[in-house]
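Asks: Dropping a structure here in structure tokens format, bear with me for questions.
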Protein chains: 2
Amino acid sequence: MRLIDLVIKKRDGRAHSPEEIRFIAQAAAAGSAPDYQLAAWLMAVILNGMDKAETVAMTREMAASGSRLCLKGYGKPKVDKHSTGGVGDGVSIALAPLAAAAGLVVPMMSGRGLGHTGGTLDKLEAIRGFKVQLPEARIKRQLSAIGVCMFGQTEDLAPADRKLYHLRDATGTVESLPLIVSSILSKKLAEDLDALVLDVKTGSGAFFSDYRQSQEAASALVATAGGLGLKAAALITSMDQPLGRYVGNALEVRQAVEILHGDASAGDYLECLLALGGWMLRLGGLARTADEGVERCERLIRDGSALKRFREMVRLQGGDPKVADDPDRLPKASSMLPVAAPRAGFIAGLAAKTVGHAALLLGAGRTRMEDKIDYGAGIIVERKLGDRVRQGEVIARLYGSDAAKLRESRKKYLEAVRIAPSAPPAPPVVRKVICPAA
Amino acid sequence: MRLIDLVIKKRDGRAHSPEEIRFIAQAAAAGSAPDYQLAAWLMAVILNGMDKAETVAMTREMAASGSRLCLKGYGKPKVDKHSTGGVGDGVSIALAPLAAAAGLVVPMMSGRGLGHTGGTLDKLEAIRGFKVQLPEARIKRQLSAIGVCMFGQTEDLAPADRKLYHLRDATGTVESLPLIVSSILSKKLAEDLDALVLDVKTGSGAFFSDYRQSQEAASALVATAGGLGLKAAALITSMDQPLGRYVGNALEVRQAVEILHGDASAGDYLECLLALGGWMLRLGGLARTADEGVERCERLIRDGSALKRFREMVRLQGGDPKVADDPDRLPKASSMLPVAAPRAGFIAGLAAKTVGHAALLLGAGRTRMEDKIDYGAGIIVERKLGDRVRQGEVIARLYGSDAAKLRESRKKYLEAVRIAPSAPPAPPVVRKVICPAA
């Protein structure tokens with residue numbers, strides 16, 4: 001078999017056999033395929049598509065291209081969550097220990113931030129000492145001990161995906177649904193899970209800004225997972241405004257800590273957290289319905305079990321466990337600049353993507369993978385969609401270290417804000433659940 | 001401007017501005033563009049196309065990406081011919097000196113063979129001592145002296161095309177009409193021509209096997225040349241069977257010599273040669289009609305002027321000029337194996353591509369660019385389409401040095417041959433002429 005013939009086959013719009021998909025994945029993983037041939041193939045895929053069988057095979061073969069986390073013998077269901085990414089979406093930080101406290105094993109493999117969305121690993125590293133690059137043995141030990149570990153992708157996990165992901169980023173071939181689906185699921189498949197809950201964000205700050213696209217993505221993810229024997233459900237959740245009250249790395253850890261302490265002021269964040277937790281418990285077989293799972297999660301927050309699990313996780317991963325009780329110990333930016341409402345009315349628009357860019361300007365994220373992050377930088381969103389504001393009232397606080405960047409960020413933040421004479425209906429957080437057995 | 005944005009633009013099916021095309025050509029020429037981005041762009045181009053304005057800009061910018069042959073002050077029209085390539089198509093070897101004898105300046109830049117078609121440079125190198133890689137000053141001197149020089153593409157001529165051509169070959173993106181057109185014309189544009197005659201082959205042995213495709217290609221070539229101020233005509237000529245009596249490097253030089261000596265036994269070859277010569281003279285302004293040009297060419301063959309010019313060219317380029325009078329001086333293969341007609345009837349099929357592959361097996365061509373060529377290897381085609389054959393009669397002679405390869409080649413040759421109870425009508429050599437002013 002020759003890669004060039006497979007490039008031509010996909011160029012001509014024909015479907016690959018499972019053997020051909022295996023050949024491509026192995027060639028990508030082994031580094032034996034020239035980048036230019038893979039790039040041409042990726043462009044042919046984005047333009048000519050892949051069908052469900054090809055997507056299933058691609059996912060399976062990318063997972064099989066490296067080693068798997070072999071998580072046997074825990075006697076508990078292994079369930080993970082994956083979000084397609086949004087602004088202020090640090091839900092994983094609270095969700096993983098919560099689900100573990102409920103009795104699941106949660107091997108949560110996460111990524112880093114790029115562009116207007118943050119990454120869970122960066123957020124966790126805002127906790128002084130917290131380690132995310134862990135050897136497999138340590139991950140397993142921690143999962144045995146407390147049922148939760150949050151870690152970065154190991155070098156030899158789905159190397160074909162790693163290779164193709166970098167190439168896609170550099171060749172304008174990111175936005176292919178079969179490639180997105182197989183990239184997400186191949187890594188999850190290599191985690192040896194019993195079930196997976198997908199949080200497919202929709203709206204201006206999401207990868208899929210269009211609702212129809214989000215539905216297609218959610219359906220494709222659930223169907224492909226099903227084709228691989230992995231139980232999955234997808235929640236389509238709103239990303240029209242930032243989730244919760246905080247955007248930025250240390251600030252999103254603070255958000256998780258506040259929530260686990262029972263603070264319900266970030267209503268949309270809490271709703272998203274509970275909905276995902278409910279579905280994780282249901283798919284993991286620890287609740288008969290998602291609603292029952294939600295109630296269980298609420299109890300585990302109320303009684304402090306989830307917070308306790310978070311504290312243990314931080315300690316076991318080398319971080320300062322006191323942040324669980326005193327989030328002021330997290331890194332802080334040196335300066336704060338308030339954003340005032342330019343006029344009175346209701347917040348009728350708070351474009352999440354633009355807010356993400358405002359946070360990026362403050363140093364909270366990366367425009368290139370090699371950029372350094374200022375963990376203390378970020379935004380407190382004081383007023384959200386539907387809130388009434390007076391002229392001059394503080395609607396957000398920007399945290400950073402550079403006065404010029406703070407002013408630039410304020411300008412950007414104001415671009416995100418639309419104030420109207422009346423309030424729009426508050427958008428629902430969970431817009432739809434896609435589950436084969438629902 | 002960033003190449004990745006242009007990749008995305010073409011992926012999305014949008015047309016490039018001339019500035020964008022320039023950016024791409026310059027990035028390709030300078031080697032500053034990563035191969036994988038160019039490869040992704042090429043795949044997007046083959047699938048989403050380029051319009052006429054883009055093709056014109058691409059041709060212009062690829063020509064401008066390197067140095068040009070500056071051929072000023074000859075006081076004679078400069079006209080070249082380009083063929084899309086076929087089997088036995090060594091017409092250039094006779095045509096270039098013939099057109100020069102008629103009063104044109106013919107800076108004939110040629111290429112090497114790959115796959116089932118041969119290359120003019122390889123054929124010329126079958127003449128002992130003949131040099132095709134010449135410094136520009138020497139090319140110009142020879143054009144001044146005798147009006148004809150046959151040479152290989154210089155390093156710094158259209159480097160963007162050189163880069164993209166190699167990548168296309170390796171990424172399944174050869175068959176894009178705008179890329180084919182701009183590749184052919186950019187090199188010709190860099191030759192500083194007054195006019196160009198294109199020989200677009202059609203049929204089983206041609207790059208464009210389908211007649212409709214050949215027409216589209218011919219029209220696109222002529223229209224794009226017109227858009228660049230280069231006068232051009234395209235002749236669509238038949239490549240259903242090998243052209244002339246010989247296939248192979250030394251053998252095709254022999255064909256040219258025999259024709260220039262007035263031998264008319266290879267009727268289709270002679271017809272193709274005269275038609276192309278006629279159009280070169282017409283576009284160069286040395287004949288009022290193509291027919292008048294044909295008559296002039298016939299006279300120059302009859303009176304020995306064309307042969308004389310060929311002899312001078314061989315001598316000036318370091319080759320053995322005596323081959324012009326004694327083609328037996330050309331390299332010869334050590335063995336000959338005849339191919340006998342398996343049954344009586346008429347030759348109803350002689351698939352040119354398969355004959356090309358039979359020649360390839362003998363060592364007459366390359367399957368990879370690094371392969372060595374056996375100049376003496378090749379095929380004498382004794383019977384052509386429409387010829388009556390008796391069972392056991394010799395229909396071809398195979399020349400090579402390896403007995404096993406000769407037998408393999410004979411098997412291949414017989415695959416090309418179809419013998420039927422009746423003769424099909426002989427196909428016309430020139431099927432159509434496309435000329436804006438015709």
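Here's how to read the names in the structure tokens: chain A, B, ... by the order shown, residue numbers from 1 in each chain, ligand numbers from 1 in the order shown.
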For B:Arg2, work out the shell of residues within 12 Å, counting only C-alpha atoms and skipping chain neighbours fewer than 4 positions away, then give it as a ChimeraX atom specification.
Replies: /A:170-172 /B:6-9,19-21,23-24,27,32-34,37-38
Asks: At a cut-off of 10 Å, using only C-alpha atoms, what residues contact B:Gly229? Leave out same-chain residues fewer than 4 positions from it and give the result as a PyMOL selection string.
Replies: chain B and resi 189+194-195+223-225
Asks: Residues of chain B near chain A: apply a cut-off of 12 Å, count only C-alpha atoms, and supply the list as a ChimeraX atom specification.
Replies: /B:2-13,33-48,164,166-176
Asks: Deliver the residues from the most recent selection as a file, using C-alpha atoms, as a PDB file, in the first residue's frame.
Replies:
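Final output, saved to result.pdb:
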ATOM      1  CA  ARG B   2       0.071  34.463   5.719  1.00  0.00           C
ATOM      2  CA  LEU B   3       0.101  31.321   3.590  1.00  0.00           C
ATOM      3  CA  ILE B   4      -2.210  29.504   6.024  1.00  0.00           C
ATOM      4  CA  ASP B   5      -4.923  32.115   5.388  1.00  0.00           C
ATOM      5  CA  LEU B   6      -4.578  31.570   1.645  1.00  0.00           C
ATOM      6  CA  VAL B   7      -4.844  27.804   2.145  1.00  0.00           C
ATOM      7  CA  ILE B   8      -8.084  28.376   4.068  1.00  0.00           C
ATOM      8  CA  LYS B   9      -9.376  30.774   1.416  1.00  0.00           C
ATOM      9  CA  LYS B  10      -8.880  28.230  -1.354  1.00  0.00           C
ATOM     10  CA  ARG B  11     -10.250  25.463   0.874  1.00  0.00           C
ATOM     11  CA  ASP B  12     -13.400  27.553   1.165  1.00  0.00           C
ATOM     12  CA  GLY B  13     -13.609  27.847  -2.620  1.00  0.00           C
ATOM     13  CA  ALA B  33       6.777  28.055   2.620  1.00  0.00           C
ATOM     14  CA  PRO B  34       6.522  24.749   4.457  1.00  0.00           C
ATOM     15  CA  ASP B  35       5.852  21.865   2.074  1.00  0.00           C
ATOM     16  CA  TYR B  36       2.802  20.759   4.059  1.00  0.00           C
ATOM     17  CA  GLN B  37       1.072  24.129   3.611  1.00  0.00           C
ATOM     18  CA  LEU B  38       1.814  24.171  -0.116  1.00  0.00           C
ATOM     19  CA  ALA B  39       0.582  20.570  -0.353  1.00  0.00           C
ATOM     20  CA  ALA B  40      -2.686  21.431   1.410  1.00  0.00           C
ATOM     21  CA  TRP B  41      -3.092  24.422  -0.906  1.00  0.00           C
ATOM     22  CA  LEU B  42      -2.453  22.271  -4.000  1.00  0.00           C
ATOM     23  CA  MET B  43      -5.122  19.779  -2.892  1.00  0.00           C
ATOM     24  CA  ALA B  44      -7.551  22.658  -2.287  1.00  0.00           C
ATOM     25  CA  VAL B  45      -6.766  23.949  -5.804  1.00  0.00           C
ATOM     26  CA  ILE B  46      -7.310  20.580  -7.484  1.00  0.00           C
ATOM     27  CA  LEU B  47     -10.661  20.181  -5.686  1.00  0.00           C
ATOM     28  CA  ASN B  48     -11.928  23.771  -5.774  1.00  0.00           C
ATOM     29  CA  LEU B 164       5.259  23.010  -7.005  1.00  0.00           C
ATOM     30  CA  HIS B 166       7.732  18.144  -7.469  1.00  0.00           C
ATOM     31  CA  LEU B 167       5.155  18.543  -4.708  1.00  0.00           C
ATOM     32  CA  ARG B 168       2.259  17.885  -7.079  1.00  0.00           C
ATOM     33  CA  ASP B 169       3.893  14.676  -8.182  1.00  0.00           C
ATOM     34  CA  ALA B 170       4.161  13.538  -4.543  1.00  0.00           C
ATOM     35  CA  THR B 171       0.716  14.649  -3.369  1.00  0.00           C
ATOM     36  CA  GLY B 172      -1.707  13.424  -6.024  1.00  0.00           C
ATOM     37  CA  THR B 173      -2.309  16.928  -7.316  1.00  0.00           C
ATOM     38  CA  VAL B 174      -0.942  16.624 -10.843  1.00  0.00           C
ATOM     39  CA  GLU B 175      -4.301  16.487 -12.631  1.00  0.00           C
ATOM     40  CA  SER B 176      -5.444  20.046 -11.970  1.00  0.00           C
TER      41      SER B 176
END
Asks: List the neighbours of B:Asp161 out to 8 Å using only C-alpha atoms; skip same-chain residues closer than 2 positions along the sequence, and give me the result as a PyMOL selection string.
Replies: chain B and resi 25+29+62-63+158-159+163-165+183+186-187
Asks: For stretch 143-147 of chain B, please output as a list in words all residues within 6 Å (counting only C-alpha atoms; exclusion window: fewer than 4 positions along the same chain).
Replies: Ala100, Val105 and Val106 of chain B
